[in-house]
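J.: This is entry.txt, which holds compact mmCIF, C-alpha atoms:
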```
# COMPACT_ATOMS: atom_id res chain seq x y z
CA MET A 1 -85.66 -57.37 -331.02
CA GLY A 2 -83.65 -54.67 -329.32
CA GLY A 3 -81.18 -57.10 -327.81
CA ARG A 4 -77.59 -56.33 -327.09
CA PRO A 5 -75.50 -56.11 -330.25
CA MET A 6 -73.28 -59.14 -330.63
CA GLY A 7 -69.72 -58.57 -329.50
CA ARG A 8 -70.37 -55.21 -327.87
CA GLU A 9 -68.49 -54.89 -324.59
CA ARG A 10 -68.22 -51.78 -322.52
CA GLY A 11 -64.56 -51.95 -321.58
CA SER A 12 -62.80 -49.27 -319.51
CA GLY A 13 -62.67 -46.56 -322.17
CA PRO A 14 -65.85 -44.67 -321.17
CA ASP A 15 -64.96 -44.83 -317.47
CA ALA A 16 -61.46 -43.44 -318.05
CA THR A 17 -62.90 -40.74 -320.29
CA GLY A 18 -65.47 -39.78 -317.67
CA VAL A 19 -62.87 -39.54 -314.91
CA THR A 20 -60.69 -37.33 -317.11
CA VAL A 21 -63.51 -35.02 -318.18
CA LEU A 22 -65.00 -34.58 -314.70
CA THR A 23 -61.59 -34.02 -313.15
CA CYS A 24 -60.81 -31.36 -315.75
CA CYS A 25 -64.15 -29.67 -315.03
CA ALA A 26 -63.32 -29.47 -311.33
CA VAL A 27 -59.74 -28.31 -311.87
CA TRP A 28 -60.69 -25.68 -314.44
CA SER A 29 -63.28 -24.16 -312.09
CA LEU A 30 -60.47 -23.64 -309.57
CA VAL A 31 -58.18 -22.19 -312.24
CA SER A 32 -60.91 -19.85 -313.45
CA ALA A 33 -61.59 -18.65 -309.90
CA ALA A 34 -57.92 -18.14 -308.97
CA GLY A 35 -56.86 -14.58 -308.26
CA ARG A 36 -60.37 -13.15 -308.02
CA ASP A 37 -63.46 -13.48 -305.87
CA GLY A 38 -64.97 -16.31 -307.89
CA ARG A 39 -66.69 -19.16 -306.07
CA PRO A 40 -66.11 -22.58 -307.65
CA GLU A 41 -68.16 -24.44 -305.03
CA GLY A 42 -71.18 -24.64 -307.31
CA VAL A 43 -69.25 -26.31 -310.11
CA LEU A 44 -67.56 -28.69 -307.68
CA LEU A 45 -70.95 -29.65 -306.24
CA ALA A 46 -72.31 -30.31 -309.73
CA VAL A 47 -69.32 -32.51 -310.58
CA PHE A 48 -69.74 -34.42 -307.33
CA ALA A 49 -73.47 -34.86 -307.97
CA VAL A 50 -72.91 -36.27 -311.46
CA THR A 51 -70.18 -38.59 -310.19
CA ALA A 52 -72.24 -39.87 -307.26
CA GLY A 53 -75.34 -40.35 -309.42
CA TYR A 54 -73.37 -42.18 -312.10
CA ALA A 55 -71.70 -44.51 -309.61
CA CYS A 56 -75.02 -45.24 -307.91
CA GLY A 57 -76.62 -45.94 -311.29
CA ARG A 58 -73.91 -48.39 -312.30
CA LEU A 59 -74.27 -50.29 -309.04
CA CYS A 60 -78.08 -50.35 -308.95
CA GLY A 61 -78.39 -51.09 -312.66
CA SER A 62 -76.27 -54.21 -312.34
CA VAL A 63 -78.59 -55.57 -309.63
CA LEU A 64 -82.00 -54.35 -310.87
CA PRO A 65 -81.75 -53.87 -314.64
CA ALA A 66 -85.39 -52.74 -315.05
CA GLY A 67 -86.55 -52.05 -311.50
CA ALA A 68 -83.91 -49.40 -310.82
CA PHE A 69 -85.22 -47.32 -313.74
CA ALA A 70 -88.75 -47.51 -312.36
CA VAL A 71 -87.63 -46.47 -308.87
CA ALA A 72 -85.67 -43.55 -310.35
CA ALA A 73 -88.71 -42.45 -312.37
CA VAL A 74 -91.01 -42.47 -309.34
CA GLY A 75 -88.41 -40.69 -307.22
CA ALA A 76 -87.88 -37.92 -309.77
CA LEU A 77 -91.64 -37.46 -310.20
CA VAL A 78 -92.24 -37.26 -306.45
CA LEU A 79 -89.39 -34.77 -306.03
CA ALA A 80 -90.69 -32.59 -308.87
CA VAL A 81 -94.24 -32.51 -307.49
CA ALA A 82 -93.26 -32.10 -303.83
CA SER A 83 -90.74 -29.34 -304.54
CA HIS A 84 -92.77 -27.34 -307.06
CA ASP A 85 -92.30 -24.20 -304.95
CA GLY A 86 -88.63 -24.76 -304.28
CA VAL A 87 -86.27 -27.47 -305.49
CA PRO A 88 -83.70 -28.44 -302.83
CA GLY A 89 -80.03 -28.44 -303.68
CA SER A 90 -79.91 -25.12 -305.50
CA ILE A 91 -76.38 -24.16 -306.42
CA ALA A 92 -77.49 -20.54 -306.69
CA GLY A 93 -77.15 -18.63 -303.46
CA ALA A 94 -80.65 -17.16 -303.43
CA GLY A 95 -83.32 -18.57 -301.14
CA THR A 96 -85.99 -19.30 -303.73
CA PRO A 97 -84.69 -18.22 -307.15
CA PRO A 98 -87.06 -18.02 -310.12
CA GLY A 99 -85.09 -20.74 -311.92
CA HIS A 100 -86.93 -23.45 -309.98
CA ALA A 101 -89.39 -23.83 -312.85
CA GLY A 102 -86.56 -25.06 -315.07
CA ALA A 103 -85.42 -27.52 -312.40
CA VAL A 104 -88.92 -28.96 -312.03
CA ALA A 105 -89.15 -29.36 -315.81
CA ALA A 106 -85.80 -31.16 -315.86
CA LEU A 107 -86.86 -33.53 -313.08
CA LEU A 108 -90.05 -34.37 -314.96
CA VAL A 109 -88.09 -35.10 -318.14
CA LEU A 110 -85.75 -37.37 -316.20
CA ALA A 111 -88.76 -39.14 -314.67
CA ALA A 112 -90.36 -39.70 -318.08
CA GLY A 113 -87.09 -40.93 -319.57
CA ALA A 114 -86.41 -43.33 -316.71
CA ALA A 115 -89.94 -44.76 -317.08
CA CYS A 116 -89.40 -45.31 -320.80
CA CYS A 117 -86.06 -47.00 -320.11
CA ALA A 118 -87.79 -49.25 -317.56
CA ALA A 119 -90.23 -50.34 -320.26
CA SER A 120 -87.43 -51.08 -322.72
CA ALA A 121 -85.44 -52.95 -320.08
CA ALA A 122 -88.48 -55.06 -319.18
CA ARG A 123 -88.99 -55.86 -322.87
CA ALA A 124 -85.37 -57.00 -323.17
CA ALA A 125 -85.66 -59.12 -320.02
CA SER A 126 -88.63 -60.99 -321.50
CA GLY A 127 -86.42 -62.45 -324.23
CA PRO A 128 -87.22 -62.89 -327.93
CA SER A 129 -90.86 -63.17 -328.88
CA LEU A 130 -92.48 -66.15 -330.53
CA SER A 131 -94.56 -65.97 -333.70
CA GLY A 132 -94.31 -62.18 -333.65
CA VAL A 133 -96.59 -61.91 -330.62
CA SER A 134 -95.49 -59.00 -328.48
CA GLY A 135 -95.07 -59.76 -324.82
CA THR A 136 -94.67 -63.52 -325.32
CA SER A 137 -91.33 -64.70 -324.06
CA ALA A 138 -89.29 -67.58 -325.36
CA SER A 139 -91.07 -69.83 -322.92
CA GLY A 140 -94.43 -68.85 -324.38
CA VAL A 141 -95.53 -66.96 -321.28
CA SER A 142 -96.63 -63.42 -321.67
CA GLY A 143 -96.79 -62.54 -317.98
CA PRO A 144 -95.05 -59.98 -315.84
CA SER A 145 -92.84 -58.42 -318.53
CA ALA A 146 -95.82 -57.23 -320.61
CA SER A 147 -97.47 -55.81 -317.49
CA ALA A 148 -94.25 -54.11 -316.46
CA ARG A 149 -93.87 -52.53 -319.90
CA SER A 150 -97.43 -51.25 -319.88
CA ALA A 151 -97.07 -49.89 -316.35
CA SER A 152 -93.84 -48.12 -317.25
CA ARG A 153 -95.31 -46.52 -320.38
CA LEU A 154 -98.32 -45.44 -318.33
CA LEU A 155 -96.00 -43.91 -315.75
CA ALA A 156 -94.27 -41.90 -318.48
CA LEU A 157 -97.67 -40.63 -319.63
CA VAL A 158 -98.58 -39.73 -316.05
CA VAL A 159 -95.36 -37.71 -315.80
CA ALA A 160 -96.28 -35.78 -318.95
CA CYS A 161 -99.73 -35.06 -317.54
CA ALA A 162 -98.15 -33.94 -314.27
CA ALA A 163 -96.18 -31.37 -316.26
CA LEU A 164 -99.45 -29.89 -317.51
CA VAL A 165 -100.91 -29.88 -313.99
CA LEU A 166 -97.82 -28.07 -312.71
CA GLY A 167 -98.18 -25.53 -315.50
CA SER A 168 -94.96 -26.35 -317.35
CA ALA A 169 -95.66 -26.46 -321.07
CA PRO A 170 -91.97 -26.96 -322.00
CA ALA A 171 -91.79 -29.96 -319.66
CA PHE A 172 -94.94 -31.43 -321.18
CA VAL A 173 -93.54 -31.08 -324.71
CA ALA A 174 -90.18 -32.53 -323.68
CA CYS A 175 -91.76 -35.48 -321.81
CA LEU A 176 -94.02 -36.25 -324.76
CA ALA A 177 -91.04 -36.08 -327.12
CA VAL A 178 -89.09 -38.50 -324.92
CA LEU A 179 -92.03 -40.91 -324.83
CA LEU A 180 -92.53 -40.80 -328.61
CA TRP A 181 -88.79 -41.20 -329.16
CA SER A 182 -88.76 -44.28 -326.94
CA LEU A 183 -91.69 -45.81 -328.81
CA ALA A 184 -90.13 -45.04 -332.19
CA THR A 185 -86.82 -46.68 -331.28
CA ALA A 186 -88.27 -49.67 -329.41
CA GLY A 187 -87.36 -52.18 -332.11
CA THR A 188 -84.09 -50.82 -333.42
CA ARG A 189 -80.73 -52.51 -332.97
CA ARG A 190 -78.47 -49.88 -334.53
CA ARG A 191 -77.53 -47.07 -332.21
CA THR A 192 -74.68 -45.16 -333.87
CA ALA A 193 -76.74 -43.10 -336.33
CA PHE A 194 -79.38 -42.28 -333.71
CA LEU A 195 -76.79 -41.15 -331.17
CA ALA A 196 -75.11 -38.99 -333.80
CA ALA A 197 -78.47 -37.42 -334.66
CA LEU A 198 -79.09 -36.61 -331.00
CA GLY A 199 -75.67 -34.99 -330.76
CA LEU A 200 -76.40 -32.85 -333.81
CA ALA A 201 -79.79 -31.85 -332.39
CA THR A 202 -78.12 -30.69 -329.18
CA ALA A 203 -75.54 -28.71 -331.15
CA LEU A 204 -78.37 -27.07 -333.12
CA VAL A 205 -80.16 -25.94 -329.95
CA ALA A 206 -76.91 -24.67 -328.45
CA GLY A 207 -76.01 -22.82 -331.65
CA THR A 208 -79.45 -21.22 -331.84
CA SER A 209 -79.25 -19.98 -328.25
CA TRP A 210 -75.83 -18.49 -328.93
CA ALA A 211 -77.12 -16.84 -332.11
CA VAL A 212 -79.95 -15.27 -330.10
CA ALA A 213 -77.43 -13.96 -327.58
CA GLU A 214 -75.31 -12.51 -330.40
CA ASP A 215 -78.42 -11.06 -332.10
CA ALA A 216 -77.32 -12.90 -335.24
CA LEU A 217 -80.66 -14.34 -336.37
CA PRO A 218 -82.72 -12.81 -339.19
CA PRO A 219 -85.34 -10.36 -337.84
CA GLY A 220 -88.38 -12.56 -338.50
CA LEU A 221 -86.81 -15.70 -337.07
CA ALA A 222 -85.36 -13.79 -334.13
CA ALA A 223 -88.79 -12.45 -333.16
CA SER A 224 -90.36 -15.92 -333.18
CA VAL A 225 -87.50 -17.47 -331.20
CA GLU A 226 -87.16 -14.68 -328.63
CA ALA A 227 -90.89 -14.35 -327.89
CA PRO A 228 -91.14 -17.42 -325.59
CA LEU A 229 -87.77 -16.60 -323.99
CA THR A 230 -88.87 -13.15 -322.70
CA PRO A 231 -86.81 -9.96 -323.19
CA HIS A 232 -85.31 -10.29 -319.70
CA ARG A 233 -83.71 -13.64 -320.47
CA VAL A 234 -82.43 -12.44 -323.83
CA ALA A 235 -80.85 -9.46 -322.07
CA LEU A 236 -79.15 -11.82 -319.61
CA TRP A 237 -77.78 -13.86 -322.50
CA ARG A 238 -76.35 -10.78 -324.17
CA ASP A 239 -74.68 -9.76 -320.92
CA ALA A 240 -73.12 -13.24 -320.83
CA VAL A 241 -71.77 -12.89 -324.37
CA ALA A 242 -70.28 -9.50 -323.50
CA MET A 243 -68.51 -10.99 -320.46
CA ALA A 244 -67.21 -13.87 -322.54
CA ALA A 245 -65.71 -11.39 -324.98
CA GLU A 246 -63.84 -9.63 -322.16
CA ASP A 247 -61.90 -12.76 -321.15
CA PRO A 248 -62.57 -15.52 -323.68
CA VAL A 249 -60.19 -18.05 -322.10
CA ARG A 250 -60.94 -17.92 -318.35
CA GLY A 251 -64.17 -15.96 -318.25
CA VAL A 252 -65.02 -13.64 -315.39
CA GLY A 253 -64.89 -16.42 -312.78
CA PRO A 254 -67.42 -18.86 -311.31
CA ALA A 255 -70.51 -17.35 -309.64
CA ARG A 256 -69.60 -13.79 -310.70
CA PHE A 257 -72.19 -13.33 -313.44
CA GLY A 258 -74.85 -11.94 -311.10
CA ARG A 259 -72.55 -9.23 -309.78
CA LEU A 260 -71.23 -8.15 -313.17
CA SER A 261 -74.38 -8.36 -315.27
CA PRO A 262 -76.27 -5.04 -315.47
CA THR A 263 -79.52 -6.88 -316.24
CA SER A 264 -79.14 -9.23 -313.28
CA ALA A 265 -78.08 -6.48 -310.90
CA GLY A 266 -81.07 -4.36 -311.90
CA SER A 267 -83.61 -7.14 -311.24
CA ALA A 268 -85.03 -7.50 -307.72
CA ASP A 269 -85.69 -11.25 -307.97
CA SER A 270 -82.62 -12.27 -309.98
CA ASP A 271 -80.83 -15.48 -309.02
CA GLY A 272 -77.55 -14.32 -310.50
CA LYS A 273 -77.65 -16.77 -313.42
CA PRO A 274 -78.00 -16.19 -317.18
CA HIS A 275 -80.45 -19.13 -317.43
CA SER A 276 -78.38 -21.00 -319.98
CA ALA A 277 -75.71 -23.52 -319.05
CA LEU A 278 -73.84 -22.82 -322.29
CA LEU A 279 -73.74 -19.05 -321.80
CA GLN A 280 -73.02 -19.35 -318.11
CA GLN A 281 -69.96 -21.46 -318.88
CA ALA A 282 -68.87 -19.04 -321.60
CA SER A 283 -69.19 -15.99 -319.37
CA GLU A 284 -67.79 -17.46 -316.14
CA GLN A 285 -65.24 -20.04 -317.38
CA GLY A 286 -64.55 -19.00 -320.95
CA VAL A 287 -64.10 -21.16 -324.02
CA VAL A 288 -62.39 -23.88 -321.99
CA GLY A 289 -65.45 -24.15 -319.75
CA VAL A 290 -67.70 -24.45 -322.81
CA ALA A 291 -65.46 -27.16 -324.25
CA LEU A 292 -65.56 -29.11 -320.97
CA LEU A 293 -69.35 -28.84 -320.78
CA ALA A 294 -69.61 -30.20 -324.32
CA ALA A 295 -67.08 -32.92 -323.48
CA ALA A 296 -69.20 -34.05 -320.52
CA PHE A 297 -72.22 -34.49 -322.79
CA VAL A 298 -70.17 -36.29 -325.46
CA TRP A 299 -68.75 -38.57 -322.77
CA MET A 300 -72.27 -39.64 -321.78
CA LEU A 301 -73.17 -40.36 -325.40
CA TYR A 302 -69.92 -42.27 -325.84
CA GLY A 303 -70.63 -44.33 -322.74
CA LEU A 304 -74.10 -45.11 -324.04
CA TRP A 305 -72.67 -46.10 -327.43
CA ARG A 306 -70.35 -48.58 -325.71
CA SER A 307 -73.01 -49.76 -323.25
CA PRO A 308 -73.81 -53.49 -323.01
CA ARG A 309 -77.45 -52.60 -322.47
CA PRO A 310 -80.02 -53.27 -325.24
CA THR A 311 -80.17 -50.55 -327.84
CA PRO A 312 -83.73 -49.36 -326.99
CA VAL A 313 -82.63 -48.74 -323.39
CA VAL A 314 -79.56 -46.87 -324.58
CA LEU A 315 -81.52 -44.70 -327.02
CA GLY A 316 -84.20 -43.96 -324.43
CA ALA A 317 -81.57 -42.67 -322.02
CA ALA A 318 -79.79 -40.74 -324.78
CA GLY A 319 -83.04 -39.08 -325.87
CA THR A 320 -83.76 -38.08 -322.29
CA LEU A 321 -80.29 -36.59 -321.78
CA THR A 322 -80.66 -34.72 -325.07
CA ALA A 323 -83.97 -33.23 -323.93
CA LEU A 324 -82.31 -32.26 -320.66
CA ALA A 325 -79.44 -30.64 -322.56
CA ALA A 326 -81.92 -28.64 -324.64
CA LEU A 327 -83.64 -27.41 -321.47
CA ALA A 328 -80.26 -26.52 -319.99
CA CYS A 329 -79.39 -24.43 -323.06
CA VAL A 330 -82.40 -22.19 -322.46
CA GLY A 331 -82.87 -22.51 -318.69
CA ASN A 332 -81.29 -22.87 -315.28
CA ALA A 333 -81.80 -26.62 -314.80
CA LEU A 334 -78.16 -27.59 -314.25
CA SER A 335 -77.84 -25.20 -311.30
CA PHE A 336 -79.64 -27.73 -309.10
CA ALA A 337 -77.90 -30.74 -307.59
CA PRO A 338 -80.92 -33.09 -307.88
CA VAL A 339 -80.96 -32.53 -311.64
CA THR A 340 -77.25 -33.12 -312.19
CA ALA A 341 -77.34 -36.15 -309.89
CA GLY A 342 -80.39 -37.46 -311.77
CA ALA A 343 -78.62 -37.09 -315.11
CA GLY A 344 -75.64 -39.02 -313.78
CA LEU A 345 -77.95 -41.66 -312.30
CA LEU A 346 -79.75 -42.20 -315.61
CA ALA A 347 -76.47 -42.46 -317.52
CA GLY A 348 -75.14 -44.93 -314.95
CA LEU A 349 -78.26 -47.10 -315.10
CA ALA A 350 -78.14 -47.17 -318.89
CA THR A 351 -74.48 -48.18 -319.00
CA ALA A 352 -74.52 -50.81 -316.23
CA SER A 353 -73.87 -54.47 -316.94
CA PRO A 354 -77.07 -56.26 -315.89
CA GLY A 355 -76.64 -59.22 -313.59
CA THR A 356 -73.00 -58.63 -312.75
CA GLY A 357 -71.04 -56.31 -310.53
CA ARG A 358 -67.69 -56.63 -312.25
CA HIS A 359 -68.07 -53.41 -314.25
CA SER A 360 -69.22 -51.31 -311.30
CA PRO A 361 -67.07 -48.22 -310.68
```
What do you get writing this file as structure tokens?

T.:
Amino acid sequence: MGGRPMGRERGSGPDATGVTVLTCCAVWSLVSAAGRDGRPEGVLLAVFAVTAGYACGRLCGSVLPAGAFAVAAVGALVLAVASHDGVPGSIAGAGTPPGHAGAVAALLVLAAGAACCAASAARAASGPSLSGVSGTSASGVSGPSASARSASRLLALVVACAALVLGSAPAFVACLAVLLWSLATAGTRRRTAFLAALGLATALVAGTSWAVAEDALPPGLAASVEAPLTPHRVALWRDAVAMAAEDPVRGVGPARFGRLSPTSAGSADSDGKPHSALLQQASEQGVVGVALLAAAFVWMLYGLWRSPRPTPVVLGAAGTLTALAALACVGNALSFAPVTAGAGLLAGLATASPGTGRHSP
């Protein structure tokens, strides 16, 4: 169950696509900043973090198919707990911006997802079961693989509990959703429909956040959606939409939102971000920036679709990246290098060719 689909080979398509998309992201940030006082360093750092994380994941995943996921999960959990008062690697220029809560939530989601992928990878490594007995390998021994799966699932549950201890209800909900998703897809072998569903779910969250910014939702629905977002964040989003309308192609320039947003300028503790990756791209880099952000997410899903990894591992990683994308649509998570590097690392681990190094970037 959950083995690699027959005949599925990764090939060079996803790698070439990733190089193209990430290069375009870097180049467009420079184009958008040209001729004004924009600062593209933040975007360039994010692109570098994703690239480095992805390359590291491909290398480590080929050597330690299951163990690398477990190490990544523990590392993300430790970083989230240790840096609760300030996540290192902030792309924002402020010393301790309020967006750290979103970064901690994102790290916890990545930790939970990596733990679930470790469990799925351990299950695949145990081989096909005999007589329908879970945890019994083809040799009839139920040993380390069953223990590794249980430990990994327990780690994912610990991460969810840590989210409650740290006071992050969104992180708890997202971690629990990732864990349930991993359990629900543990025995499936068909990935296309599930990946398409995750893509549609991400588009729905993105569309809803844009509708809130445009004040396009019906009054009753708008009140229920905006209540957990706070009026301040909604005001930031509407400033972002107004900026995007001024220059829909190039935007106002990277890292200029904080200086041009009346809501951000009038707040003493503002970090200069609209707390939405989608709306930040729209306001600072225009429609091209939004298209490139969407292309980066689609590239990861495409790479997972072509991955030689077992389908449960692929779907676990895809569910985690989808949860991260949802958090990024309503928060500031992608403004922190550890989060973008962690996303690249997870994607790299889930697309590596176990036991070989020939597909390493």

J.: Hey, can you check how far CA of Ser264 (chain A) sits from CA of Arg233 (chain A)?

T.: 9.6 Å

J.: Between CA of Gly303 (chain A) and CA of Ala156 (chain A), what is the spacing in Å?

T.: 24.1 Å

J.: Give me, as JSON lines, each residue of region 152-256 of chain A that comes within 9 Å of region 28-46 of chain A, together with its shortest interatomic pair and the distance in Å at one decimal, counting all atoms listed in the file, with rows ordered by chain and rising residue number.

T.:
```
{"residue": "A:Val249", "atom": "CA", "partner": "A:Ser32", "partner_atom": "CA", "distance": 8.9}
{"residue": "A:Arg250", "atom": "CA", "partner": "A:Ser32", "partner_atom": "CA", "distance": 5.3}
{"residue": "A:Gly251", "atom": "CA", "partner": "A:Ser32", "partner_atom": "CA", "distance": 7.0}
{"residue": "A:Val252", "atom": "CA", "partner": "A:Ser32", "partner_atom": "CA", "distance": 7.7}
{"residue": "A:Gly253", "atom": "CA", "partner": "A:Gly38", "partner_atom": "CA", "distance": 4.9}
{"residue": "A:Pro254", "atom": "CA", "partner": "A:Gly38", "partner_atom": "CA", "distance": 4.9}
{"residue": "A:Ala255", "atom": "CA", "partner": "A:Arg39", "partner_atom": "CA", "distance": 5.5}
{"residue": "A:Arg256", "atom": "CA", "partner": "A:Gly38", "partner_atom": "CA", "distance": 6.0}
```

J.: Write out, as a PDB file, in the frame of the given file, the residues just selected, with C-alpha atoms.

T.:
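Written out: out_30.pdb:
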```
ATOM      1  CA  VAL A 249     -60.190 -18.050-322.100  1.00  0.00           C
ATOM      2  CA  ARG A 250     -60.940 -17.920-318.350  1.00  0.00           C
ATOM      3  CA  GLY A 251     -64.170 -15.960-318.250  1.00  0.00           C
ATOM      4  CA  VAL A 252     -65.020 -13.640-315.390  1.00  0.00           C
ATOM      5  CA  GLY A 253     -64.890 -16.420-312.780  1.00  0.00           C
ATOM      6  CA  PRO A 254     -67.420 -18.860-311.310  1.00  0.00           C
ATOM      7  CA  ALA A 255     -70.510 -17.350-309.640  1.00  0.00           C
ATOM      8  CA  ARG A 256     -69.600 -13.790-310.700  1.00  0.00           C
TER       9      ARG A 256
END
```

J.: Neighbouring residues of Ser209 (chain A) were defined as those with any atom within 12 Å, considering all atoms listed in the file; residues of the same chain fewer than 5 positions away were excluded. Please report them as a CSV table (one decimal) with C-alpha atoms, keeping the file's coordinate frame.

T.:
```csv
chain,number,residue,atom,x,y,z
A,202,THR,CA,-78.1,-30.7,-329.2
A,203,ALA,CA,-75.5,-28.7,-331.2
A,204,LEU,CA,-78.4,-27.1,-333.1
A,214,GLU,CA,-75.3,-12.5,-330.4
A,215,ASP,CA,-78.4,-11.1,-332.1
A,216,ALA,CA,-77.3,-12.9,-335.2
A,217,LEU,CA,-80.7,-14.3,-336.4
A,222,ALA,CA,-85.4,-13.8,-334.1
A,225,VAL,CA,-87.5,-17.5,-331.2
A,226,GLU,CA,-87.2,-14.7,-328.6
A,229,LEU,CA,-87.8,-16.6,-324.0
A,233,ARG,CA,-83.7,-13.6,-320.5
A,234,VAL,CA,-82.4,-12.4,-323.8
A,236,LEU,CA,-79.2,-11.8,-319.6
A,237,TRP,CA,-77.8,-13.9,-322.5
A,238,ARG,CA,-76.4,-10.8,-324.2
A,240,ALA,CA,-73.1,-13.2,-320.8
A,241,VAL,CA,-71.8,-12.9,-324.4
A,274,PRO,CA,-78.0,-16.2,-317.2
A,275,HIS,CA,-80.4,-19.1,-317.4
A,276,SER,CA,-78.4,-21.0,-320.0
A,277,ALA,CA,-75.7,-23.5,-319.0
A,278,LEU,CA,-73.8,-22.8,-322.3
A,279,LEU,CA,-73.7,-19.0,-321.8
A,280,GLN,CA,-73.0,-19.4,-318.1
A,326,ALA,CA,-81.9,-28.6,-324.6
A,327,LEU,CA,-83.6,-27.4,-321.5
A,328,ALA,CA,-80.3,-26.5,-320.0
A,329,CYS,CA,-79.4,-24.4,-323.1
A,330,VAL,CA,-82.4,-22.2,-322.5
A,331,GLY,CA,-82.9,-22.5,-318.7
```

J.: Hey, can you check how far CA of Ser83 (chain A) sits from CA of Pro338 (chain A)?

T.: 11.0 Å

J.: Show me, as a ChimeraX atom specification, the residues that have an atom within 9 Å of Leu110 (chain A) when counting all atoms listed in the file, minus same-chain residues fewer than 5 positions from it.

T.: /A:72-73,76-77,105,115,175,317,320-321,323-324,339,342-343,346

J.: List as a ChimeraX atom specification the protein and nucleic acid residues near Trp181 (chain A), meaning an atom at most 9 Å away when only C-alpha atoms are counted, but skip any in the same chain fewer than 6 places from it.

T.: /A:315-316,319

J.: Just want the 7 Å neighbourhood of Leu22 (chain A), counted on only C-alpha atoms, with same-chain residues fewer than 4 positions away dropped. Output as a ChimeraX atom specification.

T.: /A:18,26,47

J.: Identify which of the residues A:Ala52, A:Pro248, A:Val287, A:Ala213 lies closest to Pro231 (chain A), counting all atoms listed in the file when measuring atom-to-atom distances.

T.: A:Ala213

J.: Residues near Cys161 (chain A), anyone? I mean within 12 Å using only C-alpha atoms, not counting same-chain ones fewer than 5 positions away, as a ChimeraX atom specification.

T.: /A:77,81,108-109,112,154-156,166-169,171-176

J.: Go through A:Gly53, A:Pro170, A:Pro312, A:Gly289 one by one, measure the shortest atom-to-atom distance of each to Gly187 (chain A) using all atoms listed in the file, and give the residue with the smallest value.

T.: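 Looking at the shortest contact to Gly187 (chain A), the residue is A:Pro312.
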
J.: For Ala294 (chain A), which residue among A:Leu198, A:Ala70, A:Ala211, A:Val21 is the nearest when counting all atoms listed in the file?

T.: A:Val21

J.: With distances taken over all atoms listed in the file, which residue among A:Trp210, A:Phe257, A:Trp305, A:Trp299 lies nearest Leu195 (chain A)?

T.: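 Using all atoms listed in the file, the shortest distance to Leu195 (chain A) belongs to A:Trp305.
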